[in-house]
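Chemist: So I've got this file, input30.csv, and it contains CSV, C-alpha atoms and all ligand atoms:
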chain,number,residue,atom,x,y,z
A,1,CYS,CA,15.0,32.4,-7.2
A,2,GLY,CA,18.0,30.2,-7.8
A,3,GLN,CA,16.0,27.0,-8.0
A,4,CYS,CA,14.8,28.0,-11.5
A,5,ALA,CA,18.4,28.5,-12.6
A,6,ASN,CA,19.2,25.0,-11.7
A,7,VAL,CA,16.5,23.5,-14.0
A,8,CYS,CA,16.5,26.0,-16.8
A,9,PRO,CA,17.5,23.9,-19.9
A,10,THR,CA,18.9,26.9,-21.8
A,11,HIS,CA,20.6,28.6,-18.9
A,12,ALA,CA,18.6,31.7,-19.7
A,13,ILE,CA,17.9,32.1,-16.0
A,14,LYS,CA,21.0,32.7,-13.9
A,15,GLU,CA,21.3,32.5,-10.2
A,16,ARG,CA,22.0,35.8,-8.6
A,17,GLN,CA,25.3,36.3,-6.9
A,18,ASP,CA,24.6,39.5,-5.0
A,19,PHE,CA,27.6,39.2,-2.7
A,20,MET,CA,29.6,41.3,-5.2
A,21,GLN,CA,27.7,44.3,-3.9
A,22,ALA,CA,28.9,43.6,-0.4
A,23,LYS,CA,32.4,43.4,-1.6
A,24,ASP,CA,32.0,46.8,-3.3
A,25,ALA,CA,30.6,48.3,0.0
A,26,MET,CA,33.6,46.9,1.9
A,27,ARG,CA,36.0,48.4,-0.7
A,28,GLN,CA,34.3,51.8,-0.1
A,29,GLY,CA,35.1,51.5,3.6
A,30,LYS,CA,31.6,50.9,4.9
A,31,LYS,CA,31.2,49.3,8.3
A,32,THR,CA,29.8,45.9,7.2
A,33,VAL,CA,27.3,44.3,9.6
A,34,PHE,CA,26.2,40.7,8.8
A,35,ILE,CA,23.0,39.4,10.4
A,36,THR,CA,22.3,35.7,10.1
A,37,SER,CA,18.9,34.0,10.1
A,38,PRO,CA,18.2,30.8,12.2
A,39,SER,CA,17.9,28.5,9.2
A,40,VAL,CA,21.3,29.3,7.7
A,41,ARG,CA,23.3,27.7,10.5
A,42,VAL,CA,21.6,24.3,9.9
A,43,ALA,CA,22.2,24.4,6.1
A,44,ILE,CA,25.3,26.2,5.1
A,45,GLY,CA,27.4,23.2,6.1
A,46,GLU,CA,25.7,21.2,3.3
A,47,GLU,CA,27.5,23.5,0.8
A,48,PHE,CA,30.7,22.0,2.1
A,49,GLY,CA,29.7,18.4,2.2
A,50,MET,CA,28.4,18.2,5.7
A,51,GLU,CA,25.3,16.3,6.7
A,52,PRO,CA,21.9,18.2,6.4
A,53,GLY,CA,21.0,19.6,9.8
A,54,SER,CA,24.7,20.1,10.9
A,55,TYR,CA,24.5,22.9,13.4
A,56,VAL,CA,27.5,25.1,12.4
A,57,GLU,CA,26.7,28.5,14.0
A,58,GLU,CA,30.3,29.2,15.2
A,59,LYS,CA,31.9,28.2,11.9
A,60,MET,CA,29.4,30.4,10.0
A,61,VAL,CA,30.3,33.4,12.2
A,62,ALA,CA,34.0,32.7,11.6
A,63,ALA,CA,33.4,32.5,7.9
A,64,LEU,CA,31.7,35.9,7.9
A,65,ARG,CA,34.6,37.4,9.8
A,66,ALA,CA,37.0,35.8,7.3
A,67,LEU,CA,35.0,37.6,4.5
A,68,GLY,CA,35.7,40.9,6.2
A,69,ALA,CA,32.7,41.5,8.5
A,70,ASP,CA,33.1,44.4,11.0
A,71,TYR,CA,30.3,43.0,13.1
A,72,VAL,CA,28.2,39.8,13.1
A,73,PHE,CA,24.9,39.7,14.8
A,74,ASP,CA,22.3,37.0,15.2
A,75,THR,CA,18.9,37.6,13.6
A,76,THR,CA,17.4,35.3,16.3
A,77,PHE,CA,17.9,38.4,18.6
A,78,ALA,CA,15.5,40.3,16.3
A,79,ALA,CA,13.2,37.3,16.2
A,80,ASP,CA,12.8,37.8,19.9
A,81,LEU,CA,12.1,41.5,19.2
A,82,THR,CA,9.4,40.4,16.7
A,83,ILE,CA,7.8,38.1,19.3
A,84,MET,CA,7.7,40.9,21.9
A,85,GLU,CA,5.9,43.1,19.4
A,86,GLU,CA,3.7,40.4,17.7
A,87,ALA,CA,2.5,38.7,20.9
A,88,SER,CA,1.7,42.2,22.4
A,89,GLU,CA,-0.2,43.0,19.2
A,90,LEU,CA,-2.2,39.8,19.4
A,91,ILE,CA,-3.3,40.6,22.9
A,92,ASP,CA,-4.2,44.1,21.9
A,93,ARG,CA,-6.3,42.8,19.0
A,94,ILE,CA,-8.1,40.4,21.2
A,95,GLN,CA,-8.7,42.8,24.0
A,96,ASN,CA,-9.8,45.7,21.8
A,97,ASN,CA,-11.9,44.0,19.2
A,98,LYS,CA,-9.5,44.6,16.3
A,99,PRO,CA,-9.4,42.4,13.2
A,100,LEU,CA,-8.8,38.7,13.8
A,101,PRO,CA,-7.3,36.3,13.0
A,102,GLN,CA,-3.9,38.0,13.2
A,103,PHE,CA,-1.8,36.6,10.4
A,104,THR,CA,2.0,36.5,10.9
A,105,SER,CA,4.0,38.9,8.7
A,106,CYS,CA,7.5,37.6,8.8
A,107,CYS,CA,7.3,35.8,5.4
A,108,PRO,CA,7.5,38.5,2.7
A,109,ALA,CA,6.2,36.1,0.0
A,110,TRP,CA,3.0,35.6,2.1
A,111,VAL,CA,2.6,39.3,2.7
A,112,LYS,CA,2.8,40.0,-1.0
A,113,PHE,CA,0.5,37.1,-1.7
A,114,VAL,CA,-2.2,38.7,0.5
A,115,GLU,CA,-1.6,42.2,-0.9
A,116,THR,CA,-2.1,40.7,-4.4
A,117,TYR,CA,-4.8,38.0,-4.1
A,118,TYR,CA,-6.5,38.6,-0.8
A,119,PRO,CA,-6.3,42.4,-0.1
A,120,SER,CA,-9.4,42.3,2.1
A,121,TYR,CA,-7.2,40.5,4.7
A,122,ILE,CA,-4.5,43.3,4.8
A,123,PRO,CA,-5.9,44.6,8.1
A,124,ASN,CA,-5.3,41.1,9.5
A,125,ILE,CA,-1.6,40.9,8.8
A,126,SER,CA,0.4,41.7,11.8
A,127,THR,CA,2.0,45.2,11.6
A,128,SER,CA,5.1,43.8,13.3
A,129,LYS,CA,7.9,43.6,10.8
A,130,SER,CA,9.9,40.5,10.1
A,131,PRO,CA,13.1,40.0,12.2
A,132,ILE,CA,15.4,41.3,9.5
A,133,SER,CA,13.3,44.4,8.9
A,134,MET,CA,13.2,45.1,12.7
A,135,PHE,CA,16.9,44.4,13.1
A,136,ALA,CA,18.2,46.7,10.3
A,137,PRO,CA,16.6,50.0,11.6
A,138,THR,CA,17.6,49.0,15.2
A,139,ILE,CA,21.2,48.6,14.0
A,140,LYS,CA,21.1,52.0,12.2
A,141,THR,CA,19.6,53.8,15.2
A,142,TYR,CA,20.3,52.2,18.6
A,143,PHE,CA,23.5,50.4,17.7
A,144,ALA,CA,24.8,53.3,15.5
A,145,LYS,CA,24.4,55.7,18.5
A,146,LYS,CA,26.1,53.2,20.9
A,147,GLU,CA,29.1,52.9,18.6
A,148,GLY,CA,29.2,56.5,17.5
A,149,LEU,CA,28.7,55.6,13.9
A,150,ASP,CA,27.0,57.5,11.1
A,151,PRO,CA,24.2,55.2,10.0
A,152,ARG,CA,25.0,56.1,6.3
A,153,ASP,CA,28.4,54.4,6.8
A,154,ILE,CA,26.8,51.1,8.0
A,155,TYR,CA,26.1,48.5,5.3
A,156,ILE,CA,23.9,45.6,6.5
A,157,VAL,CA,24.0,42.3,4.8
A,158,ALA,CA,21.3,39.8,5.8
A,159,ILE,CA,22.3,36.2,5.3
A,160,THR,CA,19.1,34.3,4.9
A,161,PRO,CA,17.5,31.2,3.4
A,162,CYS,CA,15.0,33.5,1.6
A,163,THR,CA,15.0,34.8,-1.9
A,164,ALA,CA,11.8,36.9,-1.2
A,165,LYS,CA,13.7,39.0,1.3
A,166,LYS,CA,15.5,40.5,-1.7
A,167,PHE,CA,12.2,42.1,-2.5
A,168,GLU,CA,11.2,42.9,1.1
A,169,ILE,CA,14.2,45.1,1.8
A,170,LEU,CA,13.3,47.2,-1.2
A,171,ARG,CA,9.8,48.0,0.1
A,172,GLU,CA,9.5,51.8,0.0
A,173,GLU,CA,8.2,51.8,3.6
A,174,PHE,CA,11.4,50.4,4.9
A,175,HIS,CA,13.4,53.7,5.3
A,176,ASP,CA,12.6,54.0,9.0
A,177,ALA,CA,16.2,54.6,10.2
A,178,SER,CA,16.7,57.6,7.9
A,179,ASP,CA,13.2,59.0,8.9
A,180,TYR,CA,14.3,58.6,12.6
A,181,HIS,CA,17.6,60.5,11.9
A,182,GLU,CA,15.8,63.0,9.6
A,183,MET,CA,18.2,62.2,6.9
A,184,GLU,CA,17.7,61.7,3.1
A,185,ALA,CA,16.1,58.3,2.6
A,186,PHE,CA,18.3,55.2,2.7
A,187,GLN,CA,17.4,51.5,2.9
A,188,ASP,CA,17.2,50.0,6.4
A,189,CYS,CA,18.8,46.7,5.2
A,190,ASP,CA,21.2,47.1,2.3
A,191,LEU,CA,21.6,43.6,0.9
A,192,VAL,CA,20.2,40.0,1.1
A,193,VAL,CA,22.6,37.1,0.5
A,194,THR,CA,21.1,33.6,0.5
A,195,THR,CA,22.7,30.5,2.0
A,196,ARG,CA,23.7,29.2,-1.4
A,197,GLU,CA,25.2,32.6,-2.4
A,198,LEU,CA,27.2,32.6,0.9
A,199,GLY,CA,28.5,29.2,0.0
A,200,ASN,CA,29.5,30.4,-3.5
A,201,TRP,CA,31.1,33.5,-1.9
A,202,LEU,CA,33.2,31.5,0.5
A,203,LYS,CA,34.3,29.1,-2.3
A,204,ALA,CA,35.2,32.1,-4.5
A,205,GLU,CA,37.4,33.4,-1.7
A,206,ASN,CA,39.0,29.9,-1.1
A,207,ILE,CA,37.8,29.9,2.5
A,208,VAL,CA,38.0,26.3,3.8
A,209,PHE,CA,34.8,26.3,5.9
A,210,ASP,CA,35.3,23.2,8.0
A,211,GLU,CA,38.9,24.3,9.0
A,212,LEU,CA,37.9,27.7,10.4
A,213,GLU,CA,38.3,28.3,14.0
A,214,ASP,CA,35.0,28.9,15.7
A,215,SER,CA,33.9,32.4,16.4
A,216,ASN,CA,31.0,34.0,18.3
A,217,TYR,CA,28.6,36.8,17.6
A,218,ASP,CA,29.4,40.4,18.7
A,219,THR,CA,28.3,41.2,22.2
A,220,LEU,CA,25.9,44.2,22.2
A,221,MET,CA,22.9,42.2,20.7
A,222,PRO,CA,24.5,38.8,21.0
A,223,ARG,CA,21.9,36.1,20.5
A,224,GLY,CA,18.3,35.1,20.7
A,225,SER,CA,16.4,32.7,22.9
A,226,GLY,CA,15.3,29.2,21.8
A,227,ALA,CA,12.1,30.8,20.7
A,228,GLY,CA,14.0,32.9,18.3
A,229,ILE,CA,15.9,29.9,17.0
A,230,ILE,CA,12.8,27.9,16.1
A,231,PHE,CA,11.6,30.7,13.9
A,232,GLY,CA,13.1,28.8,11.0
A,233,ASN,CA,10.6,25.9,11.3
A,234,THR,CA,7.0,25.8,10.3
A,235,GLY,CA,5.1,26.4,13.5
A,236,GLY,CA,8.1,28.0,15.1
A,237,VAL,CA,6.8,31.6,15.1
A,238,MET,CA,3.4,30.4,16.5
A,239,GLU,CA,5.1,28.4,19.3
A,240,ALA,CA,7.5,31.3,20.1
A,241,ALA,CA,4.6,33.8,20.2
A,242,LEU,CA,2.4,31.7,22.4
A,243,ARG,CA,5.2,31.3,25.0
A,244,SER,CA,5.4,35.0,25.4
A,245,ALA,CA,1.7,35.7,25.0
A,246,TYR,CA,1.1,33.2,27.9
A,247,TYR,CA,3.7,35.2,30.0
A,248,PHE,CA,2.2,38.5,29.1
A,249,ILE,CA,-1.4,37.4,30.0
A,250,THR,CA,-0.7,35.3,33.1
A,251,GLY,CA,2.6,36.7,34.5
A,252,ASN,CA,3.8,33.1,34.7
A,253,GLU,CA,6.5,31.3,32.7
A,254,PRO,CA,5.1,28.9,30.1
A,255,GLY,CA,5.2,25.2,31.2
A,256,ASP,CA,6.5,22.2,29.3
A,257,ASP,CA,3.3,21.9,27.2
A,258,LEU,CA,4.0,25.4,25.6
A,259,LEU,CA,7.8,24.8,25.5
A,260,LYS,CA,7.1,21.9,23.2
A,261,LEU,CA,3.8,22.5,21.5
A,262,GLU,CA,3.6,19.3,19.5
A,263,VAL,CA,0.3,20.2,17.7
A,264,VAL,CA,2.0,23.0,15.7
A,265,ARG,CA,5.1,20.9,14.9
A,266,GLY,CA,5.6,18.6,11.9
A,267,MET,CA,5.1,18.7,8.2
A,268,ASN,CA,1.3,18.6,7.8
A,269,GLY,CA,0.3,21.4,5.4
A,270,VAL,CA,-2.2,22.9,7.9
A,271,LYS,CA,-2.0,22.3,11.7
A,272,GLU,CA,-4.6,23.6,14.1
A,273,ALA,CA,-4.9,23.9,17.9
A,274,SER,CA,-7.3,25.3,20.5
A,275,LEU,CA,-5.9,26.6,23.8
A,276,GLU,CA,-7.1,28.6,26.7
A,277,ILE,CA,-5.0,31.1,28.5
A,278,ASN,CA,-6.5,32.6,31.7
A,279,GLY,CA,-10.0,31.9,30.5
A,280,ILE,CA,-9.2,33.4,27.0
A,281,PRO,CA,-9.9,30.8,24.3
A,282,LEU,CA,-7.4,30.9,21.4
A,283,ARG,CA,-7.9,29.1,18.2
A,284,VAL,CA,-4.7,29.0,16.2
A,285,ALA,CA,-3.5,27.5,12.9
A,286,VAL,CA,-0.1,27.0,11.2
A,287,VAL,CA,0.1,26.8,7.4
A,288,HIS,CA,3.0,26.3,5.1
A,289,GLY,CA,3.0,26.4,1.3
A,290,THR,CA,0.9,28.8,-0.8
A,291,ASP,CA,-1.5,26.1,-2.1
A,292,ASN,CA,-2.2,25.3,1.6
A,293,ALA,CA,-2.7,29.0,2.3
A,294,ARG,CA,-5.3,29.3,-0.4
A,295,ALA,CA,-7.1,26.2,0.8
A,296,PHE,CA,-7.0,27.4,4.4
A,297,ILE,CA,-8.5,30.8,3.5
A,298,ASP,CA,-11.2,29.1,1.5
A,299,HIS,CA,-11.9,26.7,4.5
A,300,MET,CA,-12.0,29.6,7.0
A,301,GLU,CA,-14.4,31.5,4.8
A,302,THR,CA,-16.7,28.7,3.9
A,303,SER,CA,-16.8,27.0,7.3
A,304,GLY,CA,-17.1,30.3,9.3
A,305,THR,CA,-14.5,29.0,11.8
A,306,HIS,CA,-13.1,31.7,14.0
A,307,TYR,CA,-9.3,31.8,14.3
A,308,ASP,CA,-7.3,34.2,16.5
A,309,PHE,CA,-3.8,33.7,15.3
A,310,VAL,CA,-2.5,32.1,12.0
A,311,GLU,CA,1.1,31.6,11.0
A,312,VAL,CA,1.7,31.3,7.3
A,313,MET,CA,5.1,30.5,5.7
A,314,THR,CA,5.1,30.0,1.9
A,315,CYS,CA,8.0,27.6,1.8
A,316,ARG,CA,7.5,23.9,2.6
A,317,GLY,CA,8.7,23.3,6.2
A,318,GLY,CA,9.1,27.0,6.8
A,319,CYS,CA,12.3,29.0,6.2
A,320,ILE,CA,14.5,25.9,6.6
A,321,GLY,CA,13.1,25.0,3.2
A,322,GLY,CA,13.6,28.5,1.7
A,323,GLY,CA,14.4,29.1,-2.0
A,324,GLY,CA,18.0,30.1,-1.2
A,325,GLN,CA,18.9,27.0,0.8
A,326,PRO,CA,21.3,24.3,-0.5
A,327,LEU,CA,19.8,22.0,-3.1
A,328,HIS,CA,20.1,18.2,-3.2
A,329,PRO,CA,19.0,17.1,-6.7
A,330,GLY,CA,17.6,13.7,-6.8
A,331,GLU,CA,17.2,13.4,-3.0
A,332,ASP,CA,14.0,13.4,-0.9
A,333,MET,CA,13.9,17.1,0.2
A,334,ASP,CA,11.4,16.3,2.9
A,335,VAL,CA,14.0,14.1,4.6
A,336,ILE,CA,16.5,17.0,4.4
A,337,ARG,CA,14.0,19.5,5.6
A,338,GLU,CA,13.2,17.4,8.6
A,339,LYS,CA,16.8,17.1,9.6
A,340,ARG,CA,17.2,20.9,9.5
A,341,ILE,CA,14.0,21.3,11.5
A,342,GLN,CA,15.1,18.8,14.1
A,343,ALA,CA,18.5,20.6,14.5
A,344,LEU,CA,16.7,23.8,15.4
A,345,TYR,CA,14.4,22.1,17.9
A,346,ASP,CA,17.3,20.3,19.4
A,347,LYS,CA,19.1,23.6,19.9
A,348,ASP,CA,16.1,25.2,21.5
A,349,ALA,CA,15.7,22.2,23.9
A,350,SER,CA,19.4,22.3,24.9
A,351,ILE,CA,19.6,25.9,26.1
A,352,THR,CA,18.2,27.5,29.2
A,353,LEU,CA,17.0,30.8,27.6
A,354,ARG,CA,13.8,29.5,25.9
A,355,ASN,CA,11.6,32.6,25.8
A,356,SER,CA,11.9,35.9,24.0
A,357,HIS,CA,10.6,37.9,27.0
A,358,ASP,CA,13.4,36.4,29.2
A,359,ASN,CA,16.3,37.5,26.9
A,360,PRO,CA,18.3,39.9,29.0
A,361,GLN,CA,19.5,41.9,26.0
A,362,ILE,CA,15.9,42.3,24.8
A,363,LYS,CA,15.0,43.7,28.3
A,364,GLN,CA,18.0,46.0,28.0
A,365,ILE,CA,17.0,47.4,24.6
A,366,TYR,CA,13.5,48.1,25.8
A,367,GLU,CA,14.9,49.8,28.9
A,368,GLU,CA,17.4,51.9,27.0
A,369,PHE,CA,15.6,52.6,23.7
A,370,PHE,CA,12.2,51.3,22.8
A,371,ASP,CA,10.6,51.7,26.2
A,372,ALA,CA,7.9,49.0,25.8
A,373,PRO,CA,6.3,46.8,23.1
A,374,LEU,CA,3.9,48.9,20.9
A,375,SER,CA,5.5,52.2,22.3
A,376,PRO,CA,5.6,55.2,19.8
A,377,LEU,CA,9.2,54.4,19.0
A,378,ALA,CA,8.6,50.7,18.6
A,379,GLU,CA,5.6,51.5,16.3
A,380,LYS,CA,7.9,53.8,14.2
A,381,LEU,CA,10.8,51.4,13.8
A,382,LEU,CA,9.4,47.9,14.3
A,383,HIS,CA,5.9,48.1,12.7
A,384,THR,CA,4.7,48.9,9.2
A,385,SER,CA,1.7,49.0,6.9
A,386,TYR,CA,0.8,47.1,3.7
A,387,HIS,CA,-1.0,48.0,0.5
A,388,GLU,CA,-3.1,46.3,-2.2
A,389,ARG,CA,-1.3,45.3,-5.3
A,390,LYS,CA,-3.6,45.3,-8.3
A,391,ASP,CA,-1.3,43.9,-11.0
A,392,LEU,CA,-1.9,40.2,-10.5
A,393,ASN,CA,-5.2,39.6,-8.9
A,394,GLU,CA,-7.7,39.6,-11.8
A,395,ASN,CA,-8.8,36.0,-11.3
A,396,PRO,CA,-7.7,34.5,-8.0
A,397,ASP,CA,-10.2,31.6,-8.4
A,398,VAL,CA,-7.8,29.8,-10.8
A,399,TYR,CA,-5.5,29.2,-7.9
A,400,ARG,CA,-8.0,27.8,-5.4
A,401,ARG,CA,-7.2,24.4,-3.9
A,402,ASP,CA,-9.2,21.8,-2.0
A,403,TYR,CA,-8.7,22.2,1.7
A,404,GLN,CA,-9.3,18.5,2.5
A,405,LYS,CA,-6.5,17.5,0.1
A,406,VAL,CA,-3.9,19.8,1.5
A,407,SER,CA,-4.6,19.8,5.2
A,408,LYS,CA,-2.5,16.6,5.6
B,1,LIG,FE1,11.3,33.4,2.8
B,1,LIG,FE2,10.3,31.0,2.5
B,1,LIG,FE3,10.8,31.8,5.0
B,1,LIG,FE4,8.8,32.9,3.5
B,1,LIG,S1,9.0,30.8,4.3
B,1,LIG,S2,10.3,34.0,4.8
B,1,LIG,S3,9.6,32.9,1.5
B,1,LIG,S4,12.3,31.4,3.3
So, in terms of structure tokens, how does the structure I just supplied come out?
Ligand code: SF4
Modeler:
Amino acid sequence: CGQCANVCPTHAIKERQDFMQAKDAMRQGKKTVFITSPSVRVAIGEEFGMEPGSYVEEKMVAALRALGADYVFDTTFAADLTIMEEASELIDRIQNNKPLPQFTSCCPAWVKFVETYYPSYIPNISTSKSPISMFAPTIKTYFAKKEGLDPRDIYIVAITPCTAKKFEILREEFHDASDYHEMEAFQDCDLVVTTRELGNWLKAENIVFDELEDSNYDTLMPRGSGAGIIFGNTGGVMEAALRSAYYFITGNEPGDDLLKLEVVRGMNGVKEASLEINGIPLRVAVVHGTDNARAFIDHMETSGTHYDFVEVMTCRGGCIGGGGQPLHPGEDMDVIREKRIQALYDKDASITLRNSHDNPQIKQIYEEFFDAPLSPLAEKLLHTSYHERKDLNENPDVYRRDYQKVSK
């Protein structure tokens, strides 16, 4: 990722600037659709001298329109879709004695880590795809039909904090839109551009970010709930999923305790909680950082502790600390991470739509297209499978870490 490029003494490693590919697609007349991850809006301002954690969603959308976007959608909408599927999958696993714990799957670096070093846990990874990888085939099927577009003419650019997503979109399984249309295979998501790359692109085009007039997302799949917004924080996916799991199990809206689930918030490397929903006991854990993930798995195996649901993000702090986020050499990155985290929590707390299952456009897309979570079409477009990677896993013991040292 670009972080290596910033410390390479000989400049042998160069940071990628993949936005040139998007410019090529625009020149070819493709309909360019930008989708923006939650963590970008609290970090892109830093590329232009703003305070870390500045919430600049409308300026970011305006910047993408200035770059030539035909459509701009919010990946938080797809985060809501992910929660609908992942929470339903969790309930299905619990009720039907399927493998537990369910591990989250929205971090491609974590998924590849399991495929490489812990393949026996592949059945535990949620089959629900990440928000980006749910959104892309949804755009090239549901949206393409609505707009009367040929999906081959749509070029999707995901703006993310994540360098690992550059790998994820190339996974050979992610050709679901072309399978749906029975066309020759094409990628669901065409390109990933990181927050830093976006900053470089805007500077190369002489776009003055802070002078842009605010703009809003396009209206068909306009935005996500607060649950979708906090996806960028460590613990955010867990909190979002438990809000909807509670609703699915009880039929009631989650109360204040679940709308601010303090035990899964904060920068501890491993956070654990025990809950009970309608008599169903749930033991959950939230882990960030690969060292912590190794230590957690060791702890789970040696202690024999049963967990139902475990969120793992490989970047410290979650996606707000992703490898493609703005860098601040010489500064305390944890202070910066915490400002970004707080900005997302503040946004969640400030809006009335807090839960994925309450999002009216999410209800609409199930009514018009997917039918229901875990339906055959949802399984086809929104779920996937994983496979063992044999190349790097000869001696995983060399990476093991002490759980006691990292669970704080
Ligand atoms: Fe990407 Fe890091 Fe987020 Fe994982 S935690 S999805 S590697 S930004």
Chemist: Pick out the residues sitting within 8 Å of A:Leu81, and hand them over as a PyMOL selection string; count only C-alpha atoms, and ignore anything fewer than 3 positions along from it in its own chain.
Modeler: chain A and resi 77-78+84-85+131+134+356+362
Chemist: A:Lys165, A:Arg16, A:Lys23, A:Arg41: which is nearest ligand LIG 1 (chain B), counting all atoms listed in the file?
Modeler: A:Lys165
Chemist: List as a PyMOL selection string the protein and nucleic acid residues near A:Asn200, meaning an atom at most 12 Å away when only C-alpha atoms are counted, but skip any in the same chain fewer than 2 places from it.
Modeler: chain A and resi 15-20+44+47-48+193-198+202-209+324-326
Chemist: Identify, counting all atoms listed in the file, the protein, DNA and RNA residues located within 10 Å of ligand LIG 1 (chain B), and give them as a PyMOL selection string.
Modeler: chain A and resi 37+39+105-111+130-131+160-166+168+194+231-234+288-290+312-325
Chemist: Could you tell me, as a ChimeraX atom specification, which residues have any atom at most 12 Å from (8.7, 51.3, 20.5), counting all atoms listed in the file?
Modeler: /A:81-82,84-85,88,128,134,137-138,142,365-383
Chemist: Where atoms are absent from stretch 233-245 of chain A, fill them in so it carries N, CA and C atoms, then output it as a PDB file, keeping the file's coordinate frame.
Modeler:
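Wrote it out as result19.pdb, contents follow:
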ATOM      1  N   ASN A 233      11.465  27.114  11.567  1.00  0.00           N
ATOM      2  CA  ASN A 233      10.600  25.900  11.300  1.00  0.00           C
ATOM      3  C   ASN A 233       9.173  26.324  11.131  1.00  0.00           C
ATOM      4  N   THR A 234       8.451  25.596  10.286  1.00  0.00           N
ATOM      5  CA  THR A 234       7.000  25.800  10.300  1.00  0.00           C
ATOM      6  C   THR A 234       6.453  25.541  11.669  1.00  0.00           C
ATOM      7  N   GLY A 235       5.631  26.463  12.137  1.00  0.00           N
ATOM      8  CA  GLY A 235       5.100  26.400  13.500  1.00  0.00           C
ATOM      9  C   GLY A 235       5.950  27.074  14.535  1.00  0.00           C
ATOM     10  N   GLY A 236       7.173  27.433  14.161  1.00  0.00           N
ATOM     11  CA  GLY A 236       8.100  28.000  15.100  1.00  0.00           C
ATOM     12  C   GLY A 236       7.674  29.387  15.613  1.00  0.00           C
ATOM     13  N   VAL A 237       7.180  30.215  14.699  1.00  0.00           N
ATOM     14  CA  VAL A 237       6.800  31.600  15.100  1.00  0.00           C
ATOM     15  C   VAL A 237       5.560  31.460  16.034  1.00  0.00           C
ATOM     16  N   MET A 238       4.626  30.569  15.694  1.00  0.00           N
ATOM     17  CA  MET A 238       3.400  30.400  16.500  1.00  0.00           C
ATOM     18  C   MET A 238       3.859  29.941  17.943  1.00  0.00           C
ATOM     19  N   GLU A 239       4.732  28.942  18.005  1.00  0.00           N
ATOM     20  CA  GLU A 239       5.100  28.400  19.300  1.00  0.00           C
ATOM     21  C   GLU A 239       5.859  29.491  20.121  1.00  0.00           C
ATOM     22  N   ALA A 240       6.741  30.223  19.450  1.00  0.00           N
ATOM     23  CA  ALA A 240       7.500  31.300  20.100  1.00  0.00           C
ATOM     24  C   ALA A 240       6.534  32.364  20.638  1.00  0.00           C
ATOM     25  N   ALA A 241       5.568  32.757  19.811  1.00  0.00           N
ATOM     26  CA  ALA A 241       4.600  33.800  20.200  1.00  0.00           C
ATOM     27  C   ALA A 241       3.747  33.390  21.346  1.00  0.00           C
ATOM     28  N   LEU A 242       3.315  32.124  21.328  1.00  0.00           N
ATOM     29  CA  LEU A 242       2.400  31.700  22.400  1.00  0.00           C
ATOM     30  C   LEU A 242       3.140  31.584  23.740  1.00  0.00           C
ATOM     31  N   ARG A 243       4.451  31.255  23.705  1.00  0.00           N
ATOM     32  CA  ARG A 243       5.200  31.300  25.000  1.00  0.00           C
ATOM     33  C   ARG A 243       5.143  32.641  25.615  1.00  0.00           C
ATOM     34  N   SER A 244       5.380  33.679  24.811  1.00  0.00           N
ATOM     35  CA  SER A 244       5.400  35.000  25.400  1.00  0.00           C
ATOM     36  C   SER A 244       4.002  35.570  25.635  1.00  0.00           C
ATOM     37  N   ALA A 245       3.044  35.225  24.761  1.00  0.00           N
ATOM     38  CA  ALA A 245       1.700  35.700  25.000  1.00  0.00           C
ATOM     39  C   ALA A 245       1.179  35.121  26.348  1.00  0.00           C
TER      40      ALA A 245
END
